[in-house]
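This is structure08.cif (mmCIF, C-alpha atoms and all ligand atoms).
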data_protein
loop_
_atom_site.label_atom_id
_atom_site.label_comp_id
_atom_site.auth_asym_id
_atom_site.auth_seq_id
_atom_site.Cartn_x
_atom_site.Cartn_y
_atom_site.Cartn_z
CA MET M 982 -28.44 -7.09 -7.14
CA GLN M 983 -31.97 -8.19 -6.11
CA TYR M 984 -33.39 -6.96 -2.79
CA GLY M 985 -33.60 -10.49 -1.31
CA GLU M 986 -30.01 -11.28 -2.18
CA MET M 987 -28.84 -7.98 -0.72
CA GLN M 988 -30.78 -8.59 2.46
CA LYS M 989 -29.19 -12.01 2.85
CA ILE M 990 -25.61 -10.79 2.40
CA LEU M 991 -26.11 -7.80 4.68
CA SER M 992 -27.72 -9.92 7.34
CA GLU M 993 -24.84 -12.43 7.23
CA HIS M 994 -22.43 -9.58 7.92
CA GLY M 995 -24.58 -7.85 10.53
CA GLN M 996 -25.13 -4.80 8.28
CA LEU M 997 -28.88 -4.85 7.62
CA HIS M 998 -29.23 -1.31 8.97
CA VAL M 999 -28.11 0.11 5.62
CA LEU M 1000 -31.53 -0.81 4.20
CA LYS M 1001 -33.34 1.09 6.94
CA TRP M 1002 -34.61 3.80 4.55
CA TRP M 1003 -35.05 1.56 1.48
CA ASP M 1004 -38.82 2.10 1.31
CA GLU M 1005 -38.33 5.87 1.13
CA LEU M 1006 -35.90 5.71 -1.81
CA ASP M 1007 -36.73 6.44 -5.41
CA GLU M 1008 -35.53 4.19 -8.22
CA ALA M 1009 -32.26 6.06 -8.75
CA GLY M 1010 -31.48 5.95 -5.02
CA ARG M 1011 -32.16 2.23 -4.83
CA THR M 1012 -29.98 1.54 -7.85
CA GLN M 1013 -27.12 3.55 -6.38
CA LEU M 1014 -27.26 1.89 -2.97
CA ALA M 1015 -27.58 -1.60 -4.45
CA LYS M 1016 -24.55 -0.95 -6.65
CA GLN M 1017 -22.48 0.22 -3.67
CA ILE M 1018 -23.51 -2.82 -1.62
CA GLY M 1019 -22.58 -5.11 -4.50
CA GLN M 1020 -19.09 -3.61 -4.57
CA ILE M 1021 -18.29 -4.05 -0.87
CA ASP M 1022 -15.08 -5.96 -0.17
CA TRP M 1023 -16.28 -7.94 2.87
CA GLU M 1024 -12.85 -9.37 3.55
CA LEU M 1025 -11.54 -5.84 3.94
CA LEU M 1026 -14.33 -4.87 6.33
CA SER M 1027 -13.67 -7.84 8.58
CA LEU M 1028 -10.17 -6.42 9.24
CA VAL M 1029 -11.61 -3.80 11.56
CA HIS M 1030 -11.76 -6.38 14.33
CA LYS M 1031 -8.19 -7.54 13.72
CA GLU M 1032 -6.55 -4.15 14.11
CA ALA M 1033 -4.76 -5.03 17.34
CA GLU M 1034 -3.21 -8.13 15.80
CA ALA M 1035 -1.07 -6.27 13.29
CA ASP M 1036 2.41 -7.65 13.84
CA ARG M 1037 5.61 -6.05 12.66
CA GLY M 1038 8.94 -7.67 11.87
CA GLU M 1039 12.32 -6.79 13.36
CA ILE M 1040 12.83 -3.05 13.00
CA LEU M 1041 16.31 -1.57 12.55
CA PRO M 1042 17.58 1.82 11.39
CA ILE M 1043 18.36 2.22 7.67
CA ASP M 1044 21.34 3.94 6.05
CA GLY M 1045 20.73 6.90 3.79
CA LEU M 1046 22.38 9.93 2.25
CA ASP M 1047 22.58 12.91 4.58
CA LEU M 1048 22.88 16.56 3.65
CA GLY M 1049 26.70 16.55 3.89
CA GLU M 1050 27.12 13.58 1.55
CA ILE M 1051 24.64 15.04 -0.91
CA ALA M 1052 26.46 18.39 -0.93
CA GLU M 1053 29.77 16.64 -1.69
CA ARG M 1054 28.37 14.82 -4.74
CA ARG M 1055 25.88 17.46 -5.80
CA GLU M 1056 27.34 18.15 -9.24
CA GLU M 1057 27.55 14.49 -10.18
CA PHE M 1058 23.96 13.88 -9.05
CA PHE M 1059 22.67 17.02 -10.73
CA SER M 1060 24.25 16.17 -14.05
CA LEU M 1061 22.80 12.65 -14.03
CA GLY M 1062 19.34 13.79 -12.92
CA SER M 1063 19.03 16.79 -15.20
CA SER M 1064 19.96 14.65 -18.21
CA ALA M 1065 17.16 12.24 -17.29
CA VAL M 1066 14.66 15.13 -17.09
CA ARG M 1067 15.90 16.59 -20.37
CA GLU M 1068 15.57 13.22 -22.06
CA GLY M 1069 11.92 13.00 -20.92
CA LYS M 1070 12.49 10.01 -18.65
CA VAL M 1071 10.76 11.48 -15.60
CA ALA M 1072 7.09 12.00 -14.76
CA ALA M 1073 5.60 13.64 -11.68
CA VAL M 1074 2.56 12.15 -9.95
CA MET M 1075 0.55 14.35 -7.62
CA LEU M 1076 -1.54 12.53 -5.04
CA ALA M 1077 -4.61 14.69 -4.70
CA GLY M 1078 -7.31 12.14 -4.00
CA GLY M 1079 -7.37 12.62 -0.22
CA GLN M 1080 -10.21 14.30 1.61
CA GLY M 1081 -8.13 16.62 3.75
CA THR M 1082 -10.52 16.16 6.64
CA ARG M 1083 -8.12 17.77 9.11
CA LEU M 1084 -8.14 20.98 7.09
CA GLY M 1085 -11.89 21.08 7.48
CA SER M 1086 -12.83 22.09 3.95
CA ASP M 1087 -14.98 20.11 1.52
CA ALA M 1088 -13.15 21.46 -1.50
CA PRO M 1089 -10.11 19.66 -2.97
CA LYS M 1090 -7.09 20.55 -0.83
CA GLY M 1091 -5.17 21.94 -3.77
CA THR M 1092 -7.82 24.63 -4.32
CA PHE M 1093 -7.13 26.05 -0.86
CA ASP M 1094 -5.99 29.69 -1.04
CA ILE M 1095 -2.89 30.29 1.09
CA GLY M 1096 -2.30 33.81 -0.18
CA LEU M 1097 -2.47 36.87 2.05
CA THR M 1098 -2.38 39.90 -0.24
CA LYS M 1099 -3.37 37.98 -3.40
CA PRO M 1100 -4.72 34.51 -4.11
CA LEU M 1101 -2.14 31.75 -4.08
CA TYR M 1102 -3.65 28.29 -4.39
CA ILE M 1103 -1.84 25.16 -3.27
CA PHE M 1104 -2.07 23.73 -6.80
CA GLU M 1105 -0.62 26.96 -8.16
CA GLN M 1106 2.37 26.88 -5.81
CA LEU M 1107 3.08 23.27 -6.75
CA ILE M 1108 3.03 24.13 -10.44
CA ARG M 1109 5.46 27.00 -9.71
CA ASN M 1110 7.80 24.53 -7.99
CA LEU M 1111 7.63 22.19 -10.96
CA GLU M 1112 8.32 25.07 -13.34
CA ASP M 1113 11.62 25.69 -11.53
CA VAL M 1114 12.78 22.28 -12.74
CA VAL M 1115 11.47 22.94 -16.24
CA ARG M 1116 13.53 26.14 -16.32
CA THR M 1117 16.65 24.53 -14.88
CA CYS M 1118 16.59 21.47 -17.12
CA GLY M 1119 15.01 22.93 -20.24
CA ALA M 1120 12.24 20.33 -20.60
CA TYR M 1121 8.65 19.89 -19.46
CA VAL M 1122 7.87 17.14 -16.96
CA PRO M 1123 4.53 15.38 -17.54
CA LEU M 1124 2.29 15.70 -14.51
CA PHE M 1125 -0.22 12.99 -13.59
CA ILE M 1126 -2.78 14.12 -11.01
CA MET M 1127 -4.68 11.54 -8.97
CA THR M 1128 -8.14 12.61 -7.86
CA SER M 1129 -11.04 10.67 -6.36
CA GLU M 1130 -14.70 10.35 -7.27
CA ALA M 1131 -15.39 12.90 -4.56
CA ASN M 1132 -13.18 15.68 -5.95
CA ASP M 1133 -12.37 14.86 -9.58
CA ALA M 1134 -14.84 17.19 -11.31
CA GLU M 1135 -14.03 20.09 -9.02
CA THR M 1136 -10.27 19.60 -9.38
CA GLN M 1137 -10.36 19.45 -13.15
CA ALA M 1138 -12.70 22.44 -13.38
CA PHE M 1139 -10.36 24.41 -11.11
CA PHE M 1140 -7.33 23.72 -13.28
CA ARG M 1141 -9.25 24.69 -16.41
CA GLU M 1142 -10.62 27.85 -14.82
CA HIS M 1143 -7.03 28.86 -14.01
CA ALA M 1144 -5.66 27.83 -17.42
CA PHE M 1145 -3.54 25.14 -15.75
CA PHE M 1146 -1.58 27.92 -14.08
CA GLY M 1147 0.39 28.34 -17.27
CA TYR M 1148 1.62 24.74 -17.46
CA PRO M 1149 0.96 23.19 -20.90
CA GLU M 1150 -2.35 21.33 -20.84
CA ARG M 1151 -0.85 18.53 -22.97
CA GLU M 1152 1.53 17.74 -20.09
CA ILE M 1153 -1.22 17.33 -17.47
CA PHE M 1154 -3.26 14.13 -17.06
CA PHE M 1155 -5.97 13.44 -14.47
CA PHE M 1156 -6.89 9.98 -13.21
CA ARG M 1157 -9.20 8.73 -10.48
CA GLN M 1158 -8.60 6.40 -7.58
CA GLU M 1159 -11.18 3.99 -6.11
CA MET M 1160 -13.47 4.48 -3.10
CA ALA M 1161 -14.03 2.23 -0.05
CA PRO M 1162 -16.82 2.23 2.57
CA ALA M 1163 -16.20 3.55 6.09
CA VAL M 1164 -17.49 1.85 9.24
CA ASP M 1165 -18.14 3.02 12.79
CA LEU M 1166 -15.89 1.95 15.65
CA ASN M 1167 -17.90 -1.28 16.00
CA GLY M 1168 -17.52 -2.20 12.35
CA LYS M 1169 -21.00 -1.09 11.22
CA LEU M 1170 -21.21 0.52 7.79
CA LEU M 1171 -21.78 4.28 7.95
CA MET M 1172 -24.20 6.04 5.60
CA SER M 1173 -23.70 9.51 4.12
CA ALA M 1174 -27.29 9.67 2.83
CA LYS M 1175 -30.33 7.40 2.91
CA ASP M 1176 -29.30 6.11 -0.50
CA SER M 1177 -25.52 6.04 -0.04
CA LEU M 1178 -22.85 4.42 2.07
CA ALA M 1179 -20.21 6.76 3.49
CA LEU M 1180 -17.57 6.13 0.86
CA SER M 1181 -14.10 7.59 0.97
CA PRO M 1182 -10.95 7.36 -1.14
CA ASN M 1183 -9.16 4.08 -0.51
CA GLY M 1184 -5.75 5.53 0.33
CA ASN M 1185 -2.79 6.55 -1.80
CA GLY M 1186 -1.37 3.02 -2.21
CA GLY M 1187 -3.40 2.29 -5.32
CA TRP M 1188 -2.00 5.15 -7.40
CA TYR M 1189 -0.18 2.95 -9.92
CA ALA M 1190 -3.06 0.50 -10.32
CA SER M 1191 -5.39 3.45 -10.91
CA LEU M 1192 -2.92 5.00 -13.35
CA MET M 1193 -2.87 1.72 -15.21
CA ARG M 1194 -6.68 1.45 -15.25
CA ALA M 1195 -6.87 4.96 -16.70
CA GLY M 1196 -4.64 3.92 -19.58
CA LEU M 1197 -1.93 6.32 -18.49
CA VAL M 1198 0.81 3.76 -17.92
CA ALA M 1199 0.58 3.14 -21.65
CA GLU M 1200 0.94 6.90 -22.18
CA ALA M 1201 3.99 6.97 -19.88
CA GLU M 1202 5.55 4.04 -21.70
CA LYS M 1203 4.93 5.72 -25.02
CA ARG M 1204 6.80 8.75 -23.73
CA GLY M 1205 9.70 6.63 -22.47
CA ILE M 1206 9.16 7.42 -18.78
CA GLU M 1207 11.67 5.54 -16.62
CA TRP M 1208 11.02 7.22 -13.26
CA PHE M 1209 7.86 8.33 -11.45
CA ASN M 1210 8.25 10.98 -8.78
CA VAL M 1211 5.18 10.68 -6.58
CA PHE M 1212 4.37 13.46 -4.13
CA ALA M 1213 1.67 14.76 -1.80
CA VAL M 1214 -0.55 17.67 -2.72
CA ASP M 1215 -0.21 19.27 0.67
CA ASN M 1216 3.49 20.10 0.94
CA VAL M 1217 3.77 23.51 -0.66
CA LEU M 1218 7.58 23.48 -0.52
CA GLN M 1219 7.63 20.20 -2.40
CA ARG M 1220 10.49 19.98 -4.93
CA MET M 1221 9.38 17.48 -7.53
CA ALA M 1222 11.45 15.95 -10.36
CA ASP M 1223 14.40 17.29 -8.37
CA PRO M 1224 17.46 16.55 -10.54
CA VAL M 1225 19.78 16.03 -7.54
CA PHE M 1226 17.44 13.52 -5.88
CA LEU M 1227 16.89 11.80 -9.18
CA GLY M 1228 20.60 11.63 -9.96
CA ALA M 1229 21.40 10.26 -6.50
CA THR M 1230 18.76 7.55 -6.85
CA ILE M 1231 19.91 6.61 -10.35
CA ALA M 1232 23.54 6.50 -9.16
CA SER M 1233 22.58 4.27 -6.22
CA GLY M 1234 21.22 1.58 -8.55
CA LEU M 1235 18.26 1.15 -6.17
CA ALA M 1236 14.66 0.82 -7.31
CA THR M 1237 13.21 3.67 -5.23
CA GLY M 1238 14.23 6.81 -3.40
CA ALA M 1239 12.57 8.66 -0.54
CA LYS M 1240 13.13 12.23 0.55
CA TYR M 1241 13.35 12.52 4.30
CA VAL M 1242 13.72 15.22 6.94
CA ARG M 1243 15.27 14.55 10.33
CA LYS M 1244 12.40 14.23 12.77
CA ALA M 1245 12.12 17.31 14.94
CA TYR M 1246 10.84 15.48 18.04
CA PRO M 1247 9.84 11.88 18.90
CA GLU M 1248 6.08 12.37 18.64
CA GLU M 1249 6.20 14.16 15.30
CA ARG M 1250 3.43 12.78 13.10
CA VAL M 1251 5.51 11.60 10.16
CA GLY M 1252 6.20 8.08 8.93
CA VAL M 1253 9.74 6.87 9.59
CA LEU M 1254 12.04 5.10 7.10
CA CYS M 1255 13.69 2.03 8.55
CA LEU M 1256 14.52 -1.59 7.84
CA GLU M 1257 11.93 -4.23 8.66
CA ASP M 1258 13.22 -7.78 8.53
CA GLY M 1259 16.04 -6.49 6.37
CA LEU M 1260 13.82 -4.73 3.85
CA PRO M 1261 13.36 -0.95 3.59
CA GLY M 1262 10.01 0.33 4.69
CA VAL M 1263 8.13 3.11 6.36
CA ILE M 1264 6.43 2.85 9.73
CA GLU M 1265 3.53 5.23 10.18
CA TYR M 1266 3.71 7.52 13.23
CA TYR M 1267 0.80 5.73 14.88
CA GLU M 1268 2.52 2.38 14.42
CA LEU M 1269 5.92 3.33 15.90
CA ASP M 1270 5.96 2.46 19.58
CA ARG M 1271 7.00 5.10 22.06
CA LYS M 1272 10.26 3.46 23.13
CA MET M 1273 11.50 3.32 19.57
CA ALA M 1274 10.29 6.80 18.77
CA GLU M 1275 12.28 8.14 21.74
CA LEU M 1276 15.43 6.02 21.24
CA ARG M 1277 18.58 8.14 20.87
CA ASP M 1278 22.17 7.33 19.88
CA GLN M 1279 25.26 8.29 21.91
CA ALA M 1280 25.31 11.72 20.35
CA GLY M 1281 21.75 12.25 21.56
CA ARG M 1282 20.20 12.09 18.09
CA LEU M 1283 16.98 10.18 17.46
CA VAL M 1284 17.75 6.74 16.04
CA TYR M 1285 14.53 6.45 14.06
CA ALA M 1286 14.80 9.93 12.65
CA TYR M 1287 14.19 9.68 8.90
CA GLY M 1288 10.78 11.32 8.61
CA VAL M 1289 9.28 10.78 5.16
CA THR M 1290 8.02 13.83 3.31
CA LEU M 1291 5.84 11.83 0.90
CA ASN M 1292 8.13 12.42 -2.03
CA TYR M 1293 9.20 9.12 -3.59
CA LEU M 1294 10.93 8.04 -6.75
CA PHE M 1295 9.93 4.72 -8.29
CA ARG M 1296 11.76 3.10 -11.18
CA ALA M 1297 9.08 2.36 -13.74
CA ASP M 1298 10.14 -1.23 -14.45
CA ILE M 1299 9.32 -2.45 -10.93
CA LEU M 1300 5.86 -0.92 -10.64
CA ARG M 1301 3.83 -3.45 -12.58
CA SER M 1302 4.84 -6.31 -10.28
CA ILE M 1303 4.18 -4.18 -7.18
CA ALA M 1304 0.68 -3.35 -8.43
CA GLU M 1305 -0.07 -7.08 -8.69
CA LYS M 1306 0.67 -7.62 -4.98
CA ARG M 1307 -1.98 -7.00 -2.34
CA LEU M 1308 -0.71 -4.18 -0.15
CA PRO M 1309 -1.46 -4.31 3.58
CA VAL M 1310 -4.62 -2.49 4.60
CA HIS M 1311 -4.32 0.26 7.21
CA ILE M 1312 -7.26 1.18 9.35
CA ALA M 1313 -7.36 4.87 10.20
CA LYS M 1314 -9.72 6.34 12.76
CA LYS M 1315 -11.23 9.49 11.29
CA LYS M 1316 -14.16 11.88 11.66
CA VAL M 1317 -16.68 10.60 9.13
CA PRO M 1318 -19.84 12.68 8.53
CA CYS M 1319 -22.73 10.22 8.63
CA LEU M 1320 -26.46 9.75 9.20
CA ASN M 1321 -27.61 9.30 12.78
CA ALA M 1322 -30.37 6.86 13.77
CA ASP M 1323 -32.98 9.42 12.67
CA GLY M 1324 -31.48 9.73 9.21
CA VAL M 1325 -30.01 13.18 9.85
CA LEU M 1326 -26.49 13.94 8.60
CA VAL M 1327 -24.15 14.80 11.48
CA GLU M 1328 -20.60 16.17 11.47
CA PRO M 1329 -18.79 14.34 14.27
CA GLU M 1330 -16.55 16.31 16.63
CA THR M 1331 -14.32 13.38 17.45
CA GLU M 1332 -13.22 10.30 15.51
CA ASN M 1333 -16.31 8.16 14.99
CA GLY M 1334 -15.29 5.87 12.18
CA CYS M 1335 -12.65 3.79 10.49
CA LYS M 1336 -11.45 4.13 6.93
CA PHE M 1337 -9.62 1.40 5.09
CA GLU M 1338 -6.61 2.51 3.15
CA THR M 1339 -3.62 1.10 1.33
CA LEU M 1340 -0.59 3.34 1.53
CA ILE M 1341 2.16 4.28 -0.86
CA LEU M 1342 4.73 3.75 1.87
CA ASP M 1343 4.10 0.01 1.66
CA MET M 1344 5.17 0.09 -1.97
CA ILE M 1345 8.70 0.90 -0.79
CA ARG M 1346 8.80 -2.40 1.06
CA CYS M 1347 7.45 -4.25 -1.97
CA ALA M 1348 10.11 -2.64 -4.14
CA GLY M 1349 12.80 -4.18 -1.91
CA SER M 1350 15.31 -1.33 -2.11
CA CYS M 1351 15.26 2.37 -1.31
CA LEU M 1352 17.65 5.29 -1.08
CA PRO M 1353 16.79 7.60 1.84
CA PHE M 1354 17.75 11.12 0.72
CA GLU M 1355 17.85 13.94 3.25
CA VAL M 1356 16.37 17.35 2.50
CA GLU M 1357 16.38 20.54 4.52
CA ARG M 1358 13.15 20.85 6.42
CA GLU M 1359 13.04 24.66 6.15
CA ARG M 1360 13.42 24.50 2.39
CA GLU M 1361 11.35 21.49 1.41
CA PHE M 1362 8.84 20.53 4.05
CA ALA M 1363 5.76 22.63 4.67
CA PRO M 1364 2.83 20.20 4.82
CA ILE M 1365 -0.63 21.64 5.26
CA LYS M 1366 -2.62 19.17 7.30
CA ASN M 1367 -4.45 21.47 9.74
CA ARG M 1368 -5.84 24.96 9.60
CA THR M 1369 -3.79 26.21 12.56
CA GLY M 1370 -1.08 24.83 14.84
CA THR M 1371 1.38 22.14 13.74
CA ASP M 1372 1.68 21.44 9.98
CA SER M 1373 -0.90 24.05 9.19
CA VAL M 1374 -1.73 26.88 6.86
CA ASP M 1375 -0.01 29.19 9.39
CA THR M 1376 3.27 27.24 9.55
CA ALA M 1377 3.33 26.76 5.76
CA ARG M 1378 2.90 30.51 5.21
CA VAL M 1379 5.88 31.28 7.45
CA LEU M 1380 8.03 28.73 5.59
CA LEU M 1381 6.94 29.95 2.16
CA GLU M 1382 7.87 33.50 3.07
CA LYS M 1383 11.25 32.32 4.36
CA ASN M 1384 11.79 30.81 0.92
CA GLY M 1385 11.03 34.06 -0.82
CA VAL M 1386 7.46 33.32 -1.90
CA LYS M 1387 5.30 36.47 -1.87
CA LEU M 1388 1.99 35.83 -0.19
P1 LIG L 1401 -3.12 12.30 4.11
O1 LIG L 1401 -2.68 11.07 4.76
O2 LIG L 1401 -2.65 13.58 4.70
O3 LIG L 1401 -4.69 12.27 4.00
O4 LIG L 1401 -2.68 12.23 2.58
P2 LIG L 1401 -5.73 13.39 3.54
O5 LIG L 1401 -6.95 12.64 3.12
O6 LIG L 1401 -5.16 14.33 2.51
O7 LIG L 1401 -5.99 14.26 4.83
P3 LIG L 1401 -6.74 13.93 6.20
O8 LIG L 1401 -5.93 12.85 6.86
O9 LIG L 1401 -8.13 13.48 5.84
O10 LIG L 1401 -6.72 15.23 6.92
C1 LIG L 1401 -1.36 12.32 2.13
C2 LIG L 1401 -1.40 12.51 0.62
O11 LIG L 1401 -2.00 11.39 -0.01
C3 LIG L 1401 -3.13 11.81 -0.78
C4 LIG L 1401 -3.55 13.14 -0.20
O12 LIG L 1401 -4.28 13.89 -1.15
C5 LIG L 1401 -2.20 13.73 0.18
O13 LIG L 1401 -1.57 14.27 -0.95
N1 LIG L 1401 -4.19 10.80 -0.68
C6 LIG L 1401 -4.61 10.36 0.53
C7 LIG L 1401 -4.77 10.34 -1.83
O14 LIG L 1401 -4.40 10.77 -2.95
N2 LIG L 1401 -5.75 9.40 -1.72
C8 LIG L 1401 -6.18 8.93 -0.53
O15 LIG L 1401 -7.10 8.09 -0.51
C9 LIG L 1401 -5.60 9.42 0.63
#

Rewrite the coordinates I just gave you, this time as structure tokens.
Ligand code: UTP
Amino acid sequence: MQYGEMQKILSEHGQLHVLKWWDELDEAGRTQLAKQIGQIDWELLSLVHKEAEADRGEILPIDGLDLGEIAERREEFFSLGSSAVREGKVAAVMLAGGQGTRLGSDAPKGTFDIGLTKPLYIFEQLIRNLEDVVRTCGAYVPLFIMTSEANDAETQAFFREHAFFGYPEREIFFFRQEMAPAVDLNGKLLMSAKDSLALSPNGNGGWYASLMRAGLVAEAEKRGIEWFNVFAVDNVLQRMADPVFLGATIASGLATGAKYVRKAYPEERVGVLCLEDGLPGVIEYYELDRKMAELRDQAGRLVYAYGVTLNYLFRADILRSIAEKRLPVHIAKKKVPCLNADGVLVEPETENGCKFETLILDMIRCAGSCLPFEVEREREFAPIKNRTGTDSVDTARVLLEKNGVKL
């Protein structure tokens, strides 16, 4: 894009400040910045001013399988699910493109060492969990790992350096998600360097579109994959390709399944499974109003209690049509390192910016049907979001030890 054209577009959108250091840039810097400016989705950026308008439909609780019902039908579910794994119909998809800003480390989250007496990396623990299924079912599960531009090289190098933690390399595939620019709280584009916008991964909602772009949907089809089990990198107790969950979802005839834990308290920062205008969906913790979050039934149990653990099953045949729809854009306030007016990079102490993200939870709504499937919190939910306190390295270590993992 020519300088004049760029100036015009930026001026129309009140973003001319991103050219402030243009004269100082070398050719490579100018090319990079111009390319980033050319790729800006202006429609997306304009949403920052519409945040308050986001309207939701009629929210009602959703029915799901609880622990008791699952225990009663365990054998039936297991038999169905383990056959599917054995027949190579299931793939696992690890979402590892996030920045993990709350953890406060620049490295990919999965490279974080949670060991105490010996190294134990998050990626390693997840591979161990997957190997449990391989052992139980007698077949490898292909693992697709989503990274972002910011952490792809480091993630891949880490896996190679550790010989894929013993998992066969032919069963592991990496693919990258897209990036989106961040803005300050007034909607002004933030810069991470004089020649670069502050770009960040565009949320986990684009995983299937990115998988497709990487040519890996074709690979999955070639292998006869019928189910994708998508999960977060940060839950070290994550049970992926879980035959019982898989069997229950297959038996239900529904297009998706979602593992949930009963919310521990109303303010817990987990998305909640519910019905919205009759369709299954997930409401993010920051979108659930206080009255609903605190609502209890006659037995005193929270009504909106199905906290999602970011472990979903998607039937492969519905994913192409979902990827063609435009998912809603969520605007998350985050701490975004950026240049100050003097061109110096600063690490903010409080939220200073907005990131635009599409979320996997909205794919559940697009799919139109979902089986909520309860799991025991103490056995399957140890998310590492923060370094200390709630959902942290500390809490995850306690839970891992309770589950017999040597740290
Ligand atoms: P989170 O919502 O916890 O975001 O991601 P995050 O980026 O990891 O962490 P914070 O909020 O900055 O501290 C939930 C899951 O979705 C993945 C993450 O890697 C994690 O597994 N994710 C998130 C992506 O793969 N891409 C994204 O753009 C965002």

Exercise answer, 8 Å around ligand LIG 1401 (chain L) with all atoms listed in the file, as a ChimeraX atom specification:
/M:1075-1085,1090,1127-1129,1158,1160,1181-1186,1188,1212-1216,1291,1315,1338,1340,1366-1367

Could those residues be written to a file, using C-alpha atoms, as a PDB file, in the frame of the given file?
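Written output follows (result01.pdb):
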ATOM      1  CA  MET M1075       0.550  14.350  -7.620  1.00  0.00           C
ATOM      2  CA  LEU M1076      -1.540  12.530  -5.040  1.00  0.00           C
ATOM      3  CA  ALA M1077      -4.610  14.690  -4.700  1.00  0.00           C
ATOM      4  CA  GLY M1078      -7.310  12.140  -4.000  1.00  0.00           C
ATOM      5  CA  GLY M1079      -7.370  12.620  -0.220  1.00  0.00           C
ATOM      6  CA  GLN M1080     -10.210  14.300   1.610  1.00  0.00           C
ATOM      7  CA  GLY M1081      -8.130  16.620   3.750  1.00  0.00           C
ATOM      8  CA  THR M1082     -10.520  16.160   6.640  1.00  0.00           C
ATOM      9  CA  ARG M1083      -8.120  17.770   9.110  1.00  0.00           C
ATOM     10  CA  LEU M1084      -8.140  20.980   7.090  1.00  0.00           C
ATOM     11  CA  GLY M1085     -11.890  21.080   7.480  1.00  0.00           C
ATOM     12  CA  LYS M1090      -7.090  20.550  -0.830  1.00  0.00           C
ATOM     13  CA  MET M1127      -4.680  11.540  -8.970  1.00  0.00           C
ATOM     14  CA  THR M1128      -8.140  12.610  -7.860  1.00  0.00           C
ATOM     15  CA  SER M1129     -11.040  10.670  -6.360  1.00  0.00           C
ATOM     16  CA  GLN M1158      -8.600   6.400  -7.580  1.00  0.00           C
ATOM     17  CA  MET M1160     -13.470   4.480  -3.100  1.00  0.00           C
ATOM     18  CA  SER M1181     -14.100   7.590   0.970  1.00  0.00           C
ATOM     19  CA  PRO M1182     -10.950   7.360  -1.140  1.00  0.00           C
ATOM     20  CA  ASN M1183      -9.160   4.080  -0.510  1.00  0.00           C
ATOM     21  CA  GLY M1184      -5.750   5.530   0.330  1.00  0.00           C
ATOM     22  CA  ASN M1185      -2.790   6.550  -1.800  1.00  0.00           C
ATOM     23  CA  GLY M1186      -1.370   3.020  -2.210  1.00  0.00           C
ATOM     24  CA  TRP M1188      -2.000   5.150  -7.400  1.00  0.00           C
ATOM     25  CA  PHE M1212       4.370  13.460  -4.130  1.00  0.00           C
ATOM     26  CA  ALA M1213       1.670  14.760  -1.800  1.00  0.00           C
ATOM     27  CA  VAL M1214      -0.550  17.670  -2.720  1.00  0.00           C
ATOM     28  CA  ASP M1215      -0.210  19.270   0.670  1.00  0.00           C
ATOM     29  CA  ASN M1216       3.490  20.100   0.940  1.00  0.00           C
ATOM     30  CA  LEU M1291       5.840  11.830   0.900  1.00  0.00           C
ATOM     31  CA  LYS M1315     -11.230   9.490  11.290  1.00  0.00           C
ATOM     32  CA  GLU M1338      -6.610   2.510   3.150  1.00  0.00           C
ATOM     33  CA  LEU M1340      -0.590   3.340   1.530  1.00  0.00           C
ATOM     34  CA  LYS M1366      -2.620  19.170   7.300  1.00  0.00           C
ATOM     35  CA  ASN M1367      -4.450  21.470   9.740  1.00  0.00           C
TER      36      ASN M1367
END

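Here CA of Lys1169 (chain M) is placed at a distance of 27.7 Å from CA of Leu1269 (chain M).
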
Using all atoms listed in the file, which residues sit within 10 Å of Glu1268 (chain M) once same-chain residues fewer than 3 positions away are excluded, as an NGL selection string?
:M and (1035 or 1037 or 1252-1253 or 1263-1265 or 1271 or 1274)

Select, from M:Lys1314, M:Arg1307, M:Arg1250, M:Arg1243, the residue with the minimum atom-to-atom distance to Tyr1285 (chain M), counting all atoms listed in the file.
M:Arg1243

Considering only C-alpha atoms, can you say which of M:Thr1369, M:Asn1292, M:Ser1302, M:Gln1013 comes closest to Ile1341 (chain M)?
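Looking at the shortest contact to Ile1341 (chain M), the residue is M:Asn1292.
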
Between CA of Val1114 (chain M) and CA of Glu1057 (chain M), what is the spacing in Å?
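CA of Val1114 (chain M) lies at a distance of 16.9 Å from CA of Glu1057 (chain M).
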
Around region 1002-1013 of chain M, fit a box with edges along x, y and z, padding it by 4 Å on each side, then list its centre and edge lengths in Å to one decimal as lines of an AutoDock Vina configuration file.
center_x = -33.0
center_y = 4.0
center_z = -2.1
size_x = 19.7
size_y = 12.9
size_z = 21.3

Surrounding residues of Leu1294 (chain M) excluding itself and chain neighbours under 3 positions, 9 Å, all atoms listed in the file, as a ChimeraX atom specification
/M:1208-1212,1222,1226-1227,1230,1236-1240,1351

Show me the residues close to (-21.7, 13.4, -3.8) - anything with an atom within 12 Å, counting all atoms listed in the file - and format the list as a count of residues only.
18

List as JSON, numbers by chain the protein and nucleic acid residues near region 1255-1260 of chain M, meaning an atom at most 12 Å away when only C-alpha atoms are counted, but skip any in the same chain fewer than 3 places from it.
{"M": [1036, 1037, 1038, 1039, 1040, 1041, 1042, 1043, 1044, 1045, 1239, 1241, 1252, 1263, 1264, 1265, 1269, 1273, 1274, 1284, 1285, 1286, 1287, 1288, 1289, 1342, 1343, 1344, 1345, 1346, 1347, 1348, 1349, 1350, 1351, 1352, 1353]}

One decimal, in Å: what's the spacing between CA of Val1225 (chain M) and CA of Ala1297 (chain M)?
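According to the coordinates, CA of Val1225 (chain M) and CA of Ala1297 (chain M) are separated by 18.4 Å.
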